[in-house]
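Engineer: Before I ask anything, let me first share the structure, which is written out below as structure tokens.
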Amino acid sequence: MATLPQQADAVIIGQGGIVGASVAHHLIEQGWTDLVGLDTAAIPTDVGSTAHASDFCYMTSHDRMACYTTTYSRRFYEALGHYHRVGGLEIARVGDEARLAELQRKVASGKAFGTHVRMIDADEAVERFPLLNRELILGGMWDPDAGLVVPRSQRVAGVLVERAVEGGHLRVFADTPALRIDVQAGRVCGVETPKGYIATPVVILTAGIWGSIPAATAGVALPLMPVEHPLMFFGPFDTFAGSGQEIGYPLLRDQGNSAYMRDTGDPRSTEGGLLEWGYYEPTQPRLVHPHDILSRDRARLSPSMRDLEADQVAEAFERAIELTPVLGELGWDEKHSFNGLLSVTSDGGSLVGEAPETRGLWCCEAVWVKDGPGMGKVLADWLTHGRPELDPSGIDIARFYPVQKTPHHAFGRCREIAQKIYDPPVHPREPFESGRDLRRGPFWPREKELGGYFMEAAGWERAHGYAANEARLAHYLERVPERHNEWDARHFWRVSNAEQLALCDHVGMINLSHFAIYDISGPDAEALLERLSVARVGGDTPVGKGVYTHFLDAVGGVHSDLTIVRLGVDAWRVICGGDTGHRDLMWITRRAETFALTRWHLEDRTDGLATLGLWGPNARRTLQRLADDPEALEEANSPFASAREIRVQGLPVWAFRISYVGEQGWELYVPFSYGLALWDRLFEAGVIPVGIETYANSRRLEKSLRLQNVDLLTDYNLYEAGLARPKVKEADFHGKAAYLAQRGRQRQPATLCTLVMEDNHDAAGTPRFPVGQSPLLDPESGEVPVDALGRRSYVTSIAYGPSLGCNIALGYLPTDYAEEGRQLLMEYFGEHYPMRVATVGYRALYDPENQRPHG
């Protein structure tokens with residue numbers, strides 16, 4: 001029996017599953033040589049989700065990172081000789097046009113993100129999967145790269161661990177739980193086990209459904225819950241007897257019934273001679289707290305395989321028999337049917353990266369078998385090199401604010417995610433129902449009275465428009481087109497476009513209290529912010545000057561997009577978007593540690609300072625009528641990008657003259673206690689309440705403004721985004737060497753362009769107003785343009801611009817395509833729409849000379 005080592009470079013908790021095995025494999029590929037793997041049970045696992053997983057892999061998702069990790073994993077499994085590429089079929093039933101439309105949307109996402117799915121008709125669906133009832137098939141989608149990990153992902157995990165151990169780089173200890181992660185002064189120091197203590201600076205959690213238990217010992221909250229997933233087996237099914245195959249037919253997904261089905265191949269294979277039917281409960285999913293998972297000695301089959309109750313699946317199973325009658329003809333293997341446990345998170349994304357609460361604690365949690373090797377690579381790249389190949393914002397565990405990880409909030413959100421694993425299709429603007437009214441700015445009562453149409457971001461309630469304006473702004477509403485297609489109109493309110501038009505003619509106010517605001521001061525504050533920022537924010541930057549800038553990662557990728565205002569000799573205000581604010585906070589604090597800068601202080605002002613954007617051609621004269629000192633707001637005293645303290649009828653306001661909506665005005669920062677009074681004074685002065693839709697989408701696109709984690713990503717640089725500064729500051733900053741190398745290129749591999757939709761009518765003549773991300777196509781070849789680095793072109797942002805009367809999009813194009821006037825196509829729900837490149841790089845369509853904000 002091996003002796004537990006006293007120290008290691010890293011300890012993996014949950015070594016027995018496909019994720020832990022993949023993490024170890026990829027770390028060793030990156031040069032790690034002293035790893036220790038622990039597991040509560042066997043290695044490979046005999047109790048975790050990997051032990052019972054269905055092991056099938058479909059390639060397509062509406063998420064770019066998911067497509068990357070799945071396609072990588074498929075190639076990885078194939079290279080090992082452990083993948084059977086049988087293809088995968090998804091069907092829509094007769095009468096379910098919404099599901100057929102979702103399949104068309106999946107095909108478009110596949111083109112955008114690099115998979116090979118295509119639509120097929122009912123006849124081809126039945127030809128590929130003869131068990132189907134042809135009369136019920138409306139159409140389908142074919143994924144030629146879908147397949148099965150064979151003989152099991154559990155076996156693959158074993159192979160990877162065996163190789164790592166044989167290479168001398170990994171030592172594994174089964175039946176050795178991590179009792180406690182030792183944390184000292186906020187950093188991982190080691191792991192306590194029943195067999196002894198291992199000193200280590202790095203702990204990696206890959207414990208799946210149990211992950212939150214060891215995380216809690218390190219003071220880390222994971223917004224993750226296990227959920228039951230009914231799996232039923234029927235047989236005997238002898239169609240592939242004698243074939244030696246682990247699977248014969250393609251995979252089948254009937255997502256309109258929240259179900260899938262596959263055969264298990266030759267009766268002599270690993271689990272052969274059966275049909276497997278799986279189901280995700282869309283109405284009453286059964287979440288299980290990790291502490292309530294049965295121990296090995298109490299579970300009938302396995303801790304992650306819970307007893308199945310027939311009423312969980314009765315209605316769905318009846319529908320399954322209608323689609324595939326053979327299920328009703330075979331016997332149900334009740335003894336081996338069960339509820340498998342899998343992990344869901346509070347927003348549906350995996351939890352990867354270094355935990356915000358504890359340095360050295362890395363997570364790779366809530367990962368499906370189809371993504372296991374890919375996520376293992378992402379984690380290994382990130383831990384070893386400081387970044388993965390693709391922008392990780394959607395999986396970064398630091399994306400959550402602490403309040404979003406509380407048990408009550410996480411439970412409600414996880415439940416909603418579990419309800420939508422397969423059905424219904426999730427809209428790109430889909431709001432959550434749980435966890436609402438968590439964070440509300442001081443203006444919320446007035447917004448509620450006005451009939452605010454609220455959505456939520458980062459816990460903040462944000463009104464996208466106001467019902468009261470539908471009558472007040474009726475003459476503007478007449479200029480806003482109706483959205484006759486339900487999908488395009490869902491979670492959108494026409495009045496928001498009317499509000500924008502009114503703001504452009506007069507003056508409006510937008511609640512921006514979701515901003516994350518950090519005041520940084522102290523002797524090292526200037527050094528810290530200069531080291532982080534591409535732009536110069538210290539030196540001779542005057543007090544009151546605001547600077548739009550970016551933080552880069554080590555290879556020049558765009559990590560943060562923000563504004564920094566100098567408050568004093570050694571004091572600055574950092575203003576971040578609400579959605580990105582917590583990741584920005586982690587970036588600041590952790591880079592400070594790397595730079596060995598300690599003499600600085602950060603005060604989080606987010607919950608104490610409310611922000612109200614006041615914009616429009618009448619913004620100055622309106623504010624001057626209310627200001628105690630109107631002269632302070634004259635151009636000479638309040639130039640663009642400057643901030644100063646003012647009084648508005650006695651209310652203390654910090655007025656920052658900046659504009660994200662292309663109009664003259666200010667962001668007005670006010671203590672929460674004065675917020676309602678400020679709103680009321682402006683409202684009584686005739687200022688129109690305007691929803692966040694104008695700020696976040698419609699006017700943003702008219703001004704070609706980029707959004708972090710959507711248009712600005714770590715796998716693109718500032719030159720490609722059109723945001724590089726004319727000069728490079730002398731002071732060193734994080735990512736400067738890469739930034740200079742990018743500057744030295746003859747031409748960039750891609751450029752972020754603004755495109756307009758030249759005709760938005762579909763084949764039926766209905767005007768369309770696209771939402772979400774869609775592929776861009778070359779009109780001649782019908783293929784997606786791909787740049788020299790292999791990055792595919794797709795619409796990163798799109799919105800209808802009411803001031804310009806057209807749909808406007810942003811998208812990165814290879815250099816050969818990035819030319820004004822270039823014609824492209826955008827695929828949206830199976831149809832192609834003409835797109836014209838209107839500008840290359842950063843140049844606004846509305847007020848291209850940017851005169852209005854300076855007026």
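Starting from 1 in every chain, residues are counted up; chains themselves are A, B, ... following the order of the structure tokens, and ligands are numbered from 1 as listed.
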Run DSSP on the backbone and tell me which residues of stretch 98-331 of chain A come out as strand (DSSP E or B); list them as a VMD selection string.
Structural biologist: chain A and resid 118 to 120 137 to 143 147 to 149 170 to 173 180 to 184 187 to 193 196 to 199 203 to 205 224 to 235 251 to 254 259 to 263 275 to 279 287 302 305 to 306 331
Engineer: With only C-alpha atoms as the counted atoms, please give the residues lying no more than 12 Å from A:Glu827, apart from itself and same-chain residues fewer than 4 positions off, as a count of residues only.
Structural biologist: 34
Engineer: Between atom CA of A:Thr324 and atom CA of A:Met261, what is the distance, to one decimal in Å?
Structural biologist: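 Going from atom CA of A:Thr324 over to atom CA of A:Met261 covers 9.4 Å.
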Engineer: Could you check the closest approach to A:Thr217 for each of A:Ile510, A:Ile808, A:Ala178, A:Ala527 and tell me which residue wins, using only C-alpha atoms?
Structural biologist: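 The shortest atom-to-atom distance to A:Thr217 comes from A:Ala178.
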Engineer: For stretch 38-48 of chain A, work out the shell of residues within 8 Å, counting only C-alpha atoms and skipping chain neighbours fewer than 5 positions away, then give it as a list in words.
Structural biologist: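 Answer for this query is Val11, Ile12, Ile13, Gly14, Gln15, Gly16, Gly17, Gln154, Arg155, Ala157, Gly158, Val161, Val172, Phe173, Ala174, Asp175, Thr176, Pro177, Ala178, Gly208, Ile209, Arg296, Ser302, Pro303 and Ser304 of chain A.
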Engineer: Between atom CA of A:Asp524 and atom CA of A:Trp600, measure the distance and give it in Å to one decimal.
Structural biologist: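 Pair atom CA of A:Asp524 / atom CA of A:Trp600 returns 5.2 Å.
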Engineer: What's the 7 Å shell around stretch 698-707 of chain A, counting only C-alpha atoms, without same-chain residues fewer than 6 positions away, as number ranges by chain?
Structural biologist: A: 660-662, 754, 799-801, 808-809, 842-846
Engineer: Just the residues within 12 Å of stretch 744-748 of chain A, please, counting only C-alpha atoms, with nothing from its chain fewer than 2 positions along; format it as a PyMOL selection string.
Structural biologist: chain A and resi 716-722+724+728+737-742+750-752+787-789+812-816+818+841
Engineer: Using only C-alpha atoms, pick whichever of A:Val19, A:Val150, A:Val547, A:Leu251 has the shortest atom-to-atom distance to A:Leu89.
Structural biologist: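 Looking only at the distances to A:Leu89, the closest residue turns out to be A:Leu251.
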Engineer: Could you give me, as number ranges by chain, the residues within 9 Å of A:Ala632, counting only C-alpha atoms and dropping anything in the same chain fewer than 5 positions from it?
Structural biologist: A: 624, 627, 637-638, 644, 646
Engineer: Generate the output file for the selected residues, all heavy atoms, as a short mmCIF file (atom, residue, chain, number, x, y, z; two decimals), in the first residue's frame.
Structural biologist:
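Output saved as out.cif:
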data_model
loop_
_atom_site.label_atom_id
_atom_site.label_comp_id
_atom_site.auth_asym_id
_atom_site.auth_seq_id
_atom_site.Cartn_x
_atom_site.Cartn_y
_atom_site.Cartn_z
N GLN A 624 -28.98 72.33 -15.16
CA GLN A 624 -28.64 73.67 -14.67
C GLN A 624 -29.81 74.31 -13.94
O GLN A 624 -29.61 75.06 -12.97
CB GLN A 624 -28.18 74.56 -15.83
CG GLN A 624 -26.75 74.27 -16.28
CD GLN A 624 -26.31 75.18 -17.41
OE1 GLN A 624 -27.07 75.43 -18.35
NE2 GLN A 624 -25.08 75.66 -17.32
N ALA A 627 -29.54 72.80 -10.50
CA ALA A 627 -28.25 72.85 -9.79
C ALA A 627 -28.13 74.09 -8.94
O ALA A 627 -28.59 75.18 -9.32
CB ALA A 627 -27.11 72.80 -10.80
N ASN A 637 -16.34 74.53 -17.43
CA ASN A 637 -16.19 74.03 -16.06
C ASN A 637 -16.48 72.54 -15.93
O ASN A 637 -16.15 71.95 -14.90
CB ASN A 637 -17.11 74.81 -15.12
CG ASN A 637 -16.81 76.29 -15.13
OD1 ASN A 637 -15.65 76.69 -15.14
ND2 ASN A 637 -17.86 77.11 -15.15
N SER A 638 -17.10 72.00 -16.95
CA SER A 638 -17.45 70.58 -16.91
C SER A 638 -17.23 69.98 -18.29
O SER A 638 -18.18 69.57 -18.98
CB SER A 638 -18.91 70.42 -16.47
OG SER A 638 -19.24 69.05 -16.31
N ARG A 644 -17.05 66.03 -11.22
CA ARG A 644 -16.94 67.00 -10.13
C ARG A 644 -18.14 66.85 -9.21
O ARG A 644 -19.19 66.33 -9.58
CB ARG A 644 -16.86 68.42 -10.67
CG ARG A 644 -18.08 68.87 -11.45
CD ARG A 644 -17.92 70.30 -11.92
NE ARG A 644 -17.76 71.20 -10.77
CZ ARG A 644 -17.18 72.39 -10.86
NH1 ARG A 644 -16.68 72.82 -12.00
NH2 ARG A 644 -17.09 73.16 -9.78
N ILE A 646 -21.30 68.33 -7.35
CA ILE A 646 -22.25 69.43 -7.51
C ILE A 646 -23.37 69.22 -6.49
O ILE A 646 -23.44 68.20 -5.81
CB ILE A 646 -22.85 69.48 -8.94
CG1 ILE A 646 -23.69 68.23 -9.23
CG2 ILE A 646 -21.76 69.67 -9.99
CD1 ILE A 646 -24.50 68.33 -10.53
#
